[in-house]
Amino acid sequence: MALPLCLSIPSRTRFFFEISSTPSCPKHTFVTPHFAFPLARFNGLVQFPQRRPFHPKLTCIFAKKNLSEESRNWSNTLAYTQNFWDQTVKRFDGAFAGILIFLQVSCPVFLAGWDSWSVSPAEAVLYSPETKIPRTGELALRRAIPANTDMKAIQESLEDISYLLRIPQRKPYGTMEGNVRKALKIATDEKQSILSSIPPELRENGSALYTSLVDGKGGLQSLLQSIEDQDPDKVSVGLASSLDTVAQLELLQAPGLSFLLPNEYLNYPRLTGRGVVEFTIERGDGSTFSPEAAGEPRSVATLRVVLDGYSAPLTAGNFAKLVIDGAYDGVKLNCANQAIISDGELGNSTGYSVPLEIKPSGQFEPLYKTTLSVQDGELPVLPLSVYGAVAMAHSDVAEEYSSPNQFFIYLYNKRNSGLGGLSFDEGQFSVFGYTTLGRETLPQIKTGDVIRSAKLMEGQDRLVLPKNDNVLERSF
């Protein structure tokens, strides 16, 4: 007699066990396993559903003189078989999962042909809770500087410490110390390379910054001492100071654009570096803004935005020119669900209709007139998924162009974001800067508030204007 029993364990993996007996041995039961492969789908994780107790219906086909004794024998046999089965599956669960994990880690060739087991870069971006895109404007701006590779290695080593500081319990100070020593070694061994990347007229300033980074107060040696003392507050302060010095050195190494603009875009204003714009906002209804710490209620609020011409030279250049021309003075603000939007009262006659401009991470220059596909693993150097990101709205004529003058400040909220903490609009707009001062004021801004003034505080020397400074006529 043979009874096939089927159990589904992982996704579409089936194991067949045959319970059988023979006429020559009627009181013995034989359990034979049969495996059905391959797996239909595997996502790097073995998941076993809860097993249901099986109660096979057995039909006695052999005539016996003592049926009650035969029934008892069969009952005992089934009890033994079920116990044997439970123990076998428990052992198999752990062994099978362990074997697969071991093979995947130690022998990737074994799984090379199993395409359905691999995780695509897009899935890694979308499903990772620790997607390493910048989460602050300062971090995004620092990463966007096209600096010397040695300085970027120092920066990366130090930025890893900020992730380690987030560990809530026992912090890995040993790993932090290793990161700082690595940064110190690079700075010491590659001093000549670091300083030679700075233009001669700026090298004296660069040399002073280098000394401050290596040996100065708030530099790497001081940070190392804070780590040895295992004081997380001091480590955080020292890390911020060191990274600020790193950013200043990198800015000296990048006095202009590291790529050539396409010829068709040379008639646009462009910002060949960094700029700083300061907005003064006043209430439309005459009320006041909440006071700063231990201060008085304010009739106006100040926002400071850093423009990044390294990643979006045309968009940042057009915006900087509008600020210089006073185009935003007196413009009203409107508040949407996750954005503060400038009023569109300026129309299409003020400013340049700049093509959509987005620089993908890992690329040398921006892309024009095209969006990024986050689903395919593409991420911008200047992400929208940062609280206080500043971007241009789309043109109302063609979405492959930005509006000539309408901008918005994005109020990123992780709860309203997609998988991986990315905004649903990531890679769809030309982001050109971040709010670095006054972020705490952004939630207080209401529809009807007014930009009293907008001033370009820094960067006018990096703003290149076209020879014919008239608004260009374009057909879309």
# chains A, B, ... in the order shown; residues from 1 in each chain; ligands from 1
>>> residues_around(residues="stretch 397-399 of chain A", least_positions_apart="5", cutoff="10 Å", atoms="only C-alpha atoms", output="JSON, numbers by chain")
{"A": [348, 353, 355, 356, 369, 370, 371, 428, 429, 475, 476]}
>>> write_last_selection(atoms="all heavy atoms", output="compact mmCIF listing (two decimals), in the first residue's frame")
# COMPACT_ATOMS: atom_id res chain seq x y z
N ASN A 348 5.08 84.20 -17.46
CA ASN A 348 6.16 83.56 -18.21
C ASN A 348 7.12 84.56 -18.85
O ASN A 348 8.07 84.17 -19.53
CB ASN A 348 5.59 82.65 -19.30
CG ASN A 348 4.87 81.44 -18.72
OD1 ASN A 348 5.23 80.97 -17.65
ND2 ASN A 348 3.85 80.97 -19.42
N SER A 353 13.08 80.11 -19.31
CA SER A 353 12.51 78.76 -19.22
C SER A 353 13.64 77.76 -19.36
O SER A 353 13.98 77.31 -20.46
CB SER A 353 11.46 78.55 -20.31
OG SER A 353 10.29 79.26 -20.03
N PRO A 355 15.62 74.31 -19.23
CA PRO A 355 15.24 72.90 -19.35
C PRO A 355 15.40 72.17 -18.02
O PRO A 355 16.24 72.55 -17.19
CB PRO A 355 16.22 72.35 -20.40
CG PRO A 355 17.37 73.30 -20.39
CD PRO A 355 16.79 74.64 -20.05
N LEU A 356 14.58 71.16 -17.82
CA LEU A 356 14.69 70.35 -16.61
C LEU A 356 16.14 69.90 -16.46
O LEU A 356 16.74 69.36 -17.39
CB LEU A 356 13.75 69.15 -16.72
CG LEU A 356 13.44 68.40 -15.43
CD1 LEU A 356 12.66 69.29 -14.48
CD2 LEU A 356 12.66 67.13 -15.73
N LYS A 369 16.22 67.92 -19.77
CA LYS A 369 14.93 67.56 -20.37
C LYS A 369 14.51 66.12 -20.08
O LYS A 369 13.76 65.52 -20.85
CB LYS A 369 14.94 67.79 -21.88
CG LYS A 369 15.16 69.24 -22.30
CD LYS A 369 15.06 69.37 -23.81
CE LYS A 369 15.30 70.78 -24.26
NZ LYS A 369 15.18 70.92 -25.73
N THR A 370 14.98 65.56 -19.00
CA THR A 370 14.59 64.19 -18.66
C THR A 370 14.53 64.03 -17.15
O THR A 370 15.28 64.68 -16.42
CB THR A 370 15.59 63.18 -19.26
OG1 THR A 370 15.15 61.85 -18.98
CG2 THR A 370 16.98 63.36 -18.68
N THR A 371 13.64 63.19 -16.70
CA THR A 371 13.52 62.88 -15.27
C THR A 371 14.29 61.61 -14.96
O THR A 371 14.74 60.90 -15.86
CB THR A 371 12.04 62.71 -14.87
OG1 THR A 371 11.47 61.64 -15.64
CG2 THR A 371 11.25 63.99 -15.12
N GLN A 428 11.96 64.16 -10.22
CA GLN A 428 11.03 64.75 -11.18
C GLN A 428 11.16 66.26 -11.31
O GLN A 428 10.58 66.85 -12.23
CB GLN A 428 9.58 64.41 -10.78
CG GLN A 428 9.31 62.92 -10.57
CD GLN A 428 9.59 62.11 -11.81
OE1 GLN A 428 9.03 62.37 -12.88
NE2 GLN A 428 10.46 61.11 -11.68
N PHE A 429 11.90 66.92 -10.40
CA PHE A 429 12.02 68.38 -10.40
C PHE A 429 13.50 68.78 -10.37
O PHE A 429 14.36 68.02 -9.93
CB PHE A 429 11.30 68.99 -9.20
CG PHE A 429 9.80 68.87 -9.25
CD1 PHE A 429 9.16 67.78 -8.67
CD2 PHE A 429 9.03 69.84 -9.87
CE1 PHE A 429 7.78 67.65 -8.72
CE2 PHE A 429 7.66 69.73 -9.92
CZ PHE A 429 7.02 68.64 -9.34
N SER A 475 10.21 78.08 -28.49
CA SER A 475 9.03 77.31 -28.89
C SER A 475 9.20 75.91 -28.33
O SER A 475 10.27 75.31 -28.46
CB SER A 475 8.91 77.24 -30.41
OG SER A 475 10.07 76.66 -30.96
N PHE A 476 8.16 75.40 -27.70
CA PHE A 476 8.25 74.09 -27.08
C PHE A 476 7.70 73.04 -28.03
O PHE A 476 6.73 73.26 -28.71
CB PHE A 476 7.47 74.07 -25.77
CG PHE A 476 8.03 75.03 -24.76
CD1 PHE A 476 7.42 76.25 -24.52
CD2 PHE A 476 9.20 74.72 -24.08
CE1 PHE A 476 7.94 77.13 -23.59
CE2 PHE A 476 9.72 75.60 -23.15
CZ PHE A 476 9.08 76.80 -22.91
>>> residues_around(residues="stretch 377-394 of chain A", least_positions_apart="5", cutoff="8 Å", atoms="only C-alpha atoms", output="PyMOL selection string")
chain A and resi 121-125+133-137+140-141+143-144+305+311+315+358-362+372+399-403+405-413+421-423+425-427+429-436+439+442
>>> write_last_selection(atoms="N, CA and C atoms", output="compact mmCIF listing (two decimals), in the first residue's frame")
# COMPACT_ATOMS: atom_id res chain seq x y z
N PRO A 121 19.24 46.68 -8.09
CA PRO A 121 19.58 47.96 -7.43
C PRO A 121 18.36 48.79 -7.09
N ALA A 122 17.33 48.73 -7.96
CA ALA A 122 16.12 49.50 -7.67
C ALA A 122 15.45 49.01 -6.41
N GLU A 123 15.37 47.67 -6.24
CA GLU A 123 14.74 47.14 -5.03
C GLU A 123 15.57 47.50 -3.81
N ALA A 124 16.90 47.50 -3.96
CA ALA A 124 17.75 47.88 -2.84
C ALA A 124 17.48 49.32 -2.43
N VAL A 125 17.26 50.19 -3.40
CA VAL A 125 16.95 51.60 -3.11
C VAL A 125 15.59 51.73 -2.46
N ILE A 133 20.80 58.19 1.10
CA ILE A 133 20.76 59.48 0.43
C ILE A 133 20.85 60.54 1.52
N PRO A 134 21.35 61.71 1.19
CA PRO A 134 21.49 62.75 2.22
C PRO A 134 20.14 63.10 2.84
N ARG A 135 20.11 63.24 4.15
CA ARG A 135 18.88 63.57 4.86
C ARG A 135 18.87 64.99 5.38
N THR A 136 19.96 65.72 5.18
CA THR A 136 20.00 67.14 5.54
C THR A 136 20.55 67.93 4.36
N GLY A 137 20.21 69.21 4.30
CA GLY A 137 20.71 70.04 3.23
C GLY A 137 22.22 70.19 3.28
N ALA A 140 23.80 67.05 1.81
CA ALA A 140 23.62 66.99 0.36
C ALA A 140 24.55 67.98 -0.34
N LEU A 141 24.67 69.18 0.19
CA LEU A 141 25.54 70.18 -0.42
C LEU A 141 27.01 69.78 -0.34
N ARG A 143 28.23 66.71 -0.25
CA ARG A 143 28.48 65.61 -1.18
C ARG A 143 28.48 66.08 -2.63
N ALA A 144 27.86 67.21 -2.90
CA ALA A 144 27.75 67.68 -4.28
C ALA A 144 29.00 68.42 -4.76
N VAL A 305 19.07 80.34 1.96
CA VAL A 305 19.11 79.23 1.01
C VAL A 305 20.46 79.22 0.32
N SER A 311 25.81 71.36 -9.41
CA SER A 311 24.92 70.30 -9.89
C SER A 311 23.80 70.82 -10.77
N THR A 315 19.72 76.26 -13.63
CA THR A 315 18.58 76.55 -12.74
C THR A 315 18.99 77.51 -11.64
N ILE A 358 18.78 67.84 -13.95
CA ILE A 358 18.97 66.94 -12.81
C ILE A 358 20.28 66.19 -13.00
N LYS A 359 21.13 66.24 -12.00
CA LYS A 359 22.40 65.51 -12.07
C LYS A 359 22.27 64.20 -11.31
N PRO A 360 22.38 63.06 -12.00
CA PRO A 360 22.26 61.76 -11.31
C PRO A 360 23.49 61.50 -10.44
N SER A 361 23.28 60.80 -9.37
CA SER A 361 24.37 60.42 -8.49
C SER A 361 25.34 59.52 -9.24
N GLY A 362 26.63 59.82 -9.13
CA GLY A 362 27.65 59.04 -9.80
C GLY A 362 27.95 59.49 -11.22
N LEU A 372 14.46 61.32 -13.69
CA LEU A 372 15.13 60.10 -13.26
C LEU A 372 14.11 59.05 -12.87
N GLU A 399 6.50 69.95 -19.62
CA GLU A 399 7.06 69.42 -18.38
C GLU A 399 8.55 69.15 -18.48
N GLU A 400 9.11 69.18 -19.68
CA GLU A 400 10.55 68.99 -19.80
C GLU A 400 11.30 70.29 -19.56
N TYR A 401 10.56 71.35 -19.24
CA TYR A 401 11.15 72.64 -18.86
C TYR A 401 10.65 73.02 -17.47
N SER A 402 11.47 73.79 -16.78
CA SER A 402 11.05 74.34 -15.49
C SER A 402 10.36 75.67 -15.71
N SER A 403 9.58 76.07 -14.73
CA SER A 403 8.95 77.39 -14.79
C SER A 403 10.03 78.47 -14.83
N ASN A 405 10.11 81.21 -13.27
CA ASN A 405 10.33 81.92 -12.00
C ASN A 405 9.65 81.29 -10.79
N GLN A 406 8.70 80.42 -10.97
CA GLN A 406 7.97 79.87 -9.82
C GLN A 406 8.78 78.76 -9.16
N PHE A 407 9.06 78.93 -7.88
CA PHE A 407 9.84 77.93 -7.14
C PHE A 407 9.04 77.45 -5.94
N PHE A 408 9.52 76.40 -5.31
CA PHE A 408 8.86 75.92 -4.09
C PHE A 408 9.90 75.37 -3.12
N ILE A 409 9.56 75.43 -1.84
CA ILE A 409 10.38 74.85 -0.78
C ILE A 409 9.67 73.59 -0.31
N TYR A 410 10.34 72.47 -0.41
CA TYR A 410 9.71 71.17 -0.12
C TYR A 410 9.78 70.85 1.36
N LEU A 411 8.65 70.52 1.94
CA LEU A 411 8.58 70.16 3.36
C LEU A 411 8.50 68.64 3.46
N TYR A 412 9.65 68.01 3.35
CA TYR A 412 9.72 66.55 3.34
C TYR A 412 9.15 65.96 4.62
N ASN A 413 8.34 64.93 4.45
CA ASN A 413 7.76 64.22 5.59
C ASN A 413 7.86 62.73 5.31
N GLY A 421 11.93 55.70 2.18
CA GLY A 421 11.90 57.08 2.63
C GLY A 421 12.06 58.09 1.53
N LEU A 422 11.83 57.69 0.29
CA LEU A 422 11.98 58.61 -0.84
C LEU A 422 10.64 59.25 -1.18
N SER A 423 10.70 60.53 -1.53
CA SER A 423 9.50 61.23 -1.96
C SER A 423 8.97 60.60 -3.24
N ASP A 425 7.87 62.15 -5.61
CA ASP A 425 8.28 63.02 -6.72
C ASP A 425 9.80 63.08 -6.88
N GLU A 426 10.51 62.17 -6.23
CA GLU A 426 11.97 62.19 -6.33
C GLU A 426 12.42 62.02 -7.79
N GLY A 427 13.35 62.87 -8.20
CA GLY A 427 13.87 62.79 -9.56
C GLY A 427 13.00 63.41 -10.62
N PHE A 429 11.90 66.92 -10.40
CA PHE A 429 12.02 68.38 -10.40
C PHE A 429 13.50 68.78 -10.37
N SER A 430 13.75 70.01 -10.82
CA SER A 430 15.11 70.56 -10.77
C SER A 430 15.36 71.16 -9.39
N VAL A 431 15.99 70.39 -8.52
CA VAL A 431 16.40 70.89 -7.20
C VAL A 431 17.71 71.64 -7.37
N PHE A 432 17.81 72.84 -6.79
CA PHE A 432 19.02 73.63 -6.98
C PHE A 432 19.58 74.22 -5.68
N GLY A 433 19.00 73.86 -4.54
CA GLY A 433 19.53 74.38 -3.28
C GLY A 433 18.75 73.87 -2.09
N TYR A 434 19.19 74.31 -0.90
CA TYR A 434 18.56 73.87 0.35
C TYR A 434 18.51 75.02 1.35
N THR A 435 17.46 74.98 2.15
CA THR A 435 17.33 75.94 3.24
C THR A 435 18.28 75.53 4.36
N THR A 436 19.21 76.39 4.71
CA THR A 436 20.18 76.06 5.75
C THR A 436 19.98 76.89 7.02
N ARG A 439 14.96 76.85 9.07
CA ARG A 439 14.10 75.68 8.80
C ARG A 439 12.97 75.57 9.82
N LEU A 442 9.77 77.35 8.70
CA LEU A 442 9.00 76.91 7.53
C LEU A 442 7.59 76.42 7.87
>>> residues_around(residues="stretch 197-205 of chain A", least_positions_apart="2", cutoff="6 Å", atoms="only C-alpha atoms", output="PyMOL selection string")
chain A and resi 194-195+207-208+252-253
>>> atom_distance(atom1="atom CA of A:Val306", atom2="atom CA of A:Arg274")
6.9 Å
>>> residues_around(residues="stretch 324-339 of chain A", least_positions_apart="4", cutoff="8 Å", atoms="only C-alpha atoms", output="mmCIF file with N, CA, C and O atoms, in the first residue's frame")
data_model
loop_
_atom_site.group_PDB
_atom_site.id
_atom_site.type_symbol
_atom_site.label_atom_id
_atom_site.label_comp_id
_atom_site.auth_asym_id
_atom_site.auth_seq_id
_atom_site.Cartn_x
_atom_site.Cartn_y
_atom_site.Cartn_z
ATOM 1 N N ALA A 320 19.357 82.987 -9.318
ATOM 2 C CA ALA A 320 20.202 84.054 -8.775
ATOM 3 C C ALA A 320 19.976 85.364 -9.523
ATOM 4 O O ALA A 320 19.935 86.448 -8.912
ATOM 5 N N ASP A 343 3.973 82.532 -5.557
ATOM 6 C CA ASP A 343 2.822 82.813 -6.411
ATOM 7 C C ASP A 343 3.266 82.937 -7.871
ATOM 8 O O ASP A 343 4.369 83.405 -8.165
ATOM 9 N N GLU A 345 2.309 84.934 -10.081
ATOM 10 C CA GLU A 345 1.870 86.221 -10.629
ATOM 11 C C GLU A 345 2.880 86.849 -11.585
ATOM 12 O O GLU A 345 2.543 87.752 -12.350
ATOM 13 N N LEU A 346 4.149 86.370 -11.563
ATOM 14 C CA LEU A 346 5.153 86.958 -12.449
ATOM 15 C C LEU A 346 4.946 86.565 -13.914
ATOM 16 O O LEU A 346 5.469 87.225 -14.811
ATOM 17 N N THR A 350 8.981 86.746 -17.188
ATOM 18 C CA THR A 350 10.085 87.076 -16.293
ATOM 19 C C THR A 350 10.928 85.833 -16.056
ATOM 20 O O THR A 350 10.427 84.820 -15.574
ATOM 21 N N PHE A 408 9.518 76.399 -5.310
ATOM 22 C CA PHE A 408 8.860 75.915 -4.089
ATOM 23 C C PHE A 408 9.903 75.371 -3.121
ATOM 24 O O PHE A 408 10.997 74.939 -3.528
ATOM 25 N N ILE A 409 9.563 75.433 -1.842
ATOM 26 C CA ILE A 409 10.382 74.849 -0.777
ATOM 27 C C ILE A 409 9.665 73.591 -0.307
ATOM 28 O O ILE A 409 8.514 73.650 0.127
ATOM 29 N N TYR A 410 10.342 72.472 -0.406
ATOM 30 C CA TYR A 410 9.709 71.174 -0.124
ATOM 31 C C TYR A 410 9.784 70.853 1.365
ATOM 32 O O TYR A 410 10.863 70.920 1.976
ATOM 33 N N LEU A 411 8.652 70.518 1.943
ATOM 34 C CA LEU A 411 8.576 70.163 3.358
ATOM 35 C C LEU A 411 8.501 68.643 3.464
ATOM 36 O O LEU A 411 7.433 68.049 3.645
ATOM 37 N N TYR A 412 9.650 68.015 3.346
ATOM 38 C CA TYR A 412 9.722 66.545 3.341
ATOM 39 C C TYR A 412 9.152 65.961 4.624
ATOM 40 O O TYR A 412 9.430 66.432 5.724
ATOM 41 N N ASN A 413 8.343 64.925 4.449
ATOM 42 C CA ASN A 413 7.757 64.216 5.587
ATOM 43 C C ASN A 413 7.856 62.725 5.308
ATOM 44 O O ASN A 413 7.270 62.228 4.346
ATOM 45 N N ILE A 445 4.930 79.337 8.103
ATOM 46 C CA ILE A 445 4.546 80.142 6.944
ATOM 47 C C ILE A 445 3.169 79.708 6.452
ATOM 48 O O ILE A 445 2.878 78.520 6.332
ATOM 49 N N LYS A 446 2.327 80.695 6.169
ATOM 50 C CA LYS A 446 0.955 80.434 5.749
ATOM 51 C C LYS A 446 0.691 81.045 4.374
ATOM 52 O O LYS A 446 1.434 81.924 3.916
ATOM 53 N N THR A 447 -0.366 80.570 3.763
ATOM 54 C CA THR A 447 -0.788 81.161 2.496
ATOM 55 C C THR A 447 -1.109 82.642 2.704
ATOM 56 O O THR A 447 -1.826 83.003 3.630
ATOM 57 N N GLY A 448 -0.563 83.484 1.855
ATOM 58 C CA GLY A 448 -0.761 84.928 1.980
ATOM 59 C C GLY A 448 0.422 85.662 2.546
ATOM 60 O O GLY A 448 0.503 86.897 2.442
ATOM 61 N N ASP A 449 1.372 84.927 3.174
ATOM 62 C CA ASP A 449 2.593 85.588 3.643
ATOM 63 C C ASP A 449 3.378 86.084 2.430
ATOM 64 O O ASP A 449 3.255 85.553 1.317
ATOM 65 N N VAL A 450 4.229 87.077 2.661
ATOM 66 C CA VAL A 450 4.859 87.792 1.541
ATOM 67 C C VAL A 450 6.376 87.800 1.691
ATOM 68 O O VAL A 450 6.910 87.917 2.812
ATOM 69 N N ILE A 451 7.071 87.644 0.571
ATOM 70 C CA ILE A 451 8.524 87.837 0.551
ATOM 71 C C ILE A 451 8.783 89.340 0.505
ATOM 72 O O ILE A 451 8.567 89.989 -0.519
ATOM 73 N N ARG A 452 9.208 89.901 1.635
ATOM 74 C CA ARG A 452 9.483 91.338 1.650
ATOM 75 C C ARG A 452 10.695 91.644 0.781
ATOM 76 O O ARG A 452 10.716 92.627 0.026
ATOM 77 N N SER A 453 11.738 90.816 0.891
ATOM 78 C CA SER A 453 12.928 91.034 0.070
ATOM 79 C C SER A 453 13.683 89.722 -0.103
ATOM 80 O O SER A 453 13.579 88.810 0.730
ATOM 81 N N ALA A 454 14.425 89.618 -1.206
ATOM 82 C CA ALA A 454 15.316 88.497 -1.470
ATOM 83 C C ALA A 454 16.631 89.078 -1.967
ATOM 84 O O ALA A 454 16.654 89.861 -2.923
ATOM 85 N N LYS A 455 17.728 88.694 -1.313
ATOM 86 C CA LYS A 455 19.034 89.263 -1.651
ATOM 87 C C LYS A 455 20.045 88.148 -1.882
ATOM 88 O O LYS A 455 20.069 87.153 -1.155
ATOM 89 N N LEU A 456 20.896 88.336 -2.898
ATOM 90 C CA LEU A 456 22.001 87.416 -3.155
ATOM 91 C C LEU A 456 23.178 87.858 -2.291
ATOM 92 O O LEU A 456 23.875 88.822 -2.610
#
>>> residues_around(residues="A:Pro262", least_positions_apart="3", cutoff="12 Å", atoms="only C-alpha atoms", output="number ranges by chain")
A: 259, 265-268, 313-314, 355, 365-368
>>> atom_distance(atom1="atom CA of A:Ala312", atom2="atom CA of A:Phe364")
12.1 Å
>>> closest_residue(among="A:Phe424, A:Leu463, A:Ser258, A:Asp376", to="A:Leu322", atoms="only C-alpha atoms")
A:Leu463
>>> closest_residue(among="A:Ser373, A:Val214, A:Gln225, A:Lys467", to="A:Asp189", atoms="only C-alpha atoms")
A:Val214
>>> closest_residue(among="A:Ile281, A:Ala187, A:Val235, A:Leu224", to="A:Lys152", atoms="only C-alpha atoms")
A:Ala187
>>> closest_residue(among="A:Ser212, A:Ile154, A:Glu228, A:Ser241", to="A:Thr175", atoms="only C-alpha atoms")
A:Glu228
>>> residues_around(residues="A:Gln221", least_positions_apart="4", cutoff="10 Å", atoms="only C-alpha atoms", output="list in words")
Val180, Arg181, Leu184, Ser212, Leu213, Val214, Asp215, Gly216, Lys217, Gln225, Ser226, Ile227, Gly238 and Ser242 of chain A
>>> residues_around(residues="A:Pro172", least_positions_apart="3", cutoff="12 Å", atoms="only C-alpha atoms", output="ChimeraX atom specification")
/A:160-169,175-179,227-228,230-232
>>> decode(residues="stretch 163-182 of chain A", atoms="N, CA and C atoms", output="PDB file, in the first residue's frame")
ATOM      1  N   TYR A 163      26.473  57.950  11.113  1.00  0.00           N
ATOM      2  CA  TYR A 163      25.547  56.816  11.157  1.00  0.00           C
ATOM      3  C   TYR A 163      25.769  55.987  12.419  1.00  0.00           C
ATOM      4  N   LEU A 164      27.036  55.818  12.803  1.00  0.00           N
ATOM      5  CA  LEU A 164      27.337  55.039  14.001  1.00  0.00           C
ATOM      6  C   LEU A 164      26.832  55.729  15.261  1.00  0.00           C
ATOM      7  N   LEU A 165      26.799  57.054  15.259  1.00  0.00           N
ATOM      8  CA  LEU A 165      26.319  57.789  16.435  1.00  0.00           C
ATOM      9  C   LEU A 165      24.829  57.595  16.666  1.00  0.00           C
ATOM     10  N   ARG A 166      24.113  57.154  15.644  1.00  0.00           N
ATOM     11  CA  ARG A 166      22.668  56.953  15.799  1.00  0.00           C
ATOM     12  C   ARG A 166      22.327  55.673  16.551  1.00  0.00           C
ATOM     13  N   ILE A 167      23.300  54.797  16.735  1.00  0.00           N
ATOM     14  CA  ILE A 167      23.044  53.556  17.472  1.00  0.00           C
ATOM     15  C   ILE A 167      22.657  53.928  18.899  1.00  0.00           C
ATOM     16  N   PRO A 168      21.463  53.522  19.360  1.00  0.00           N
ATOM     17  CA  PRO A 168      20.946  54.055  20.625  1.00  0.00           C
ATOM     18  C   PRO A 168      21.634  53.537  21.868  1.00  0.00           C
ATOM     19  N   GLN A 169      22.162  52.314  21.828  1.00  0.00           N
ATOM     20  CA  GLN A 169      22.725  51.761  23.057  1.00  0.00           C
ATOM     21  C   GLN A 169      24.241  51.864  23.040  1.00  0.00           C
ATOM     22  N   ARG A 170      24.919  50.756  23.132  1.00  0.00           N
ATOM     23  CA  ARG A 170      26.378  50.794  23.179  1.00  0.00           C
ATOM     24  C   ARG A 170      26.930  51.163  21.810  1.00  0.00           C
ATOM     25  N   LYS A 171      27.603  52.274  21.739  1.00  0.00           N
ATOM     26  CA  LYS A 171      28.079  52.791  20.456  1.00  0.00           C
ATOM     27  C   LYS A 171      29.436  52.175  20.112  1.00  0.00           C
ATOM     28  N   PRO A 172      29.675  51.904  18.839  1.00  0.00           N
ATOM     29  CA  PRO A 172      30.932  51.258  18.417  1.00  0.00           C
ATOM     30  C   PRO A 172      32.091  52.259  18.323  1.00  0.00           C
ATOM     31  N   TYR A 173      32.604  52.653  19.487  1.00  0.00           N
ATOM     32  CA  TYR A 173      33.666  53.654  19.494  1.00  0.00           C
ATOM     33  C   TYR A 173      34.934  53.144  18.815  1.00  0.00           C
ATOM     34  N   GLY A 174      35.154  51.840  18.866  1.00  0.00           N
ATOM     35  CA  GLY A 174      36.320  51.292  18.197  1.00  0.00           C
ATOM     36  C   GLY A 174      36.270  51.508  16.697  1.00  0.00           C
ATOM     37  N   THR A 175      35.095  51.314  16.108  1.00  0.00           N
ATOM     38  CA  THR A 175      34.921  51.552  14.672  1.00  0.00           C
ATOM     39  C   THR A 175      35.080  53.030  14.350  1.00  0.00           C
ATOM     40  N   MET A 176      34.523  53.895  15.218  1.00  0.00           N
ATOM     41  CA  MET A 176      34.671  55.343  15.009  1.00  0.00           C
ATOM     42  C   MET A 176      36.149  55.739  15.028  1.00  0.00           C
ATOM     43  N   GLU A 177      36.895  55.189  15.992  1.00  0.00           N
ATOM     44  CA  GLU A 177      38.319  55.502  16.076  1.00  0.00           C
ATOM     45  C   GLU A 177      39.045  55.074  14.809  1.00  0.00           C
ATOM     46  N   GLY A 178      38.680  53.899  14.288  1.00  0.00           N
ATOM     47  CA  GLY A 178      39.285  53.432  13.050  1.00  0.00           C
ATOM     48  C   GLY A 178      38.989  54.358  11.877  1.00  0.00           C
ATOM     49  N   ASN A 179      37.778  54.892  11.827  1.00  0.00           N
ATOM     50  CA  ASN A 179      37.415  55.823  10.747  1.00  0.00           C
ATOM     51  C   ASN A 179      38.238  57.113  10.818  1.00  0.00           C
ATOM     52  N   VAL A 180      38.417  57.641  12.030  1.00  0.00           N
ATOM     53  CA  VAL A 180      39.178  58.882  12.183  1.00  0.00           C
ATOM     54  C   VAL A 180      40.641  58.647  11.845  1.00  0.00           C
ATOM     55  N   ARG A 181      41.184  57.531  12.286  1.00  0.00           N
ATOM     56  CA  ARG A 181      42.592  57.238  11.985  1.00  0.00           C
ATOM     57  C   ARG A 181      42.794  57.044  10.478  1.00  0.00           C
ATOM     58  N   LYS A 182      41.803  56.460   9.836  1.00  0.00           N
ATOM     59  CA  LYS A 182      41.876  56.311   8.372  1.00  0.00           C
ATOM     60  C   LYS A 182      41.890  57.690   7.708  1.00  0.00           C
TER      61      LYS A 182
END
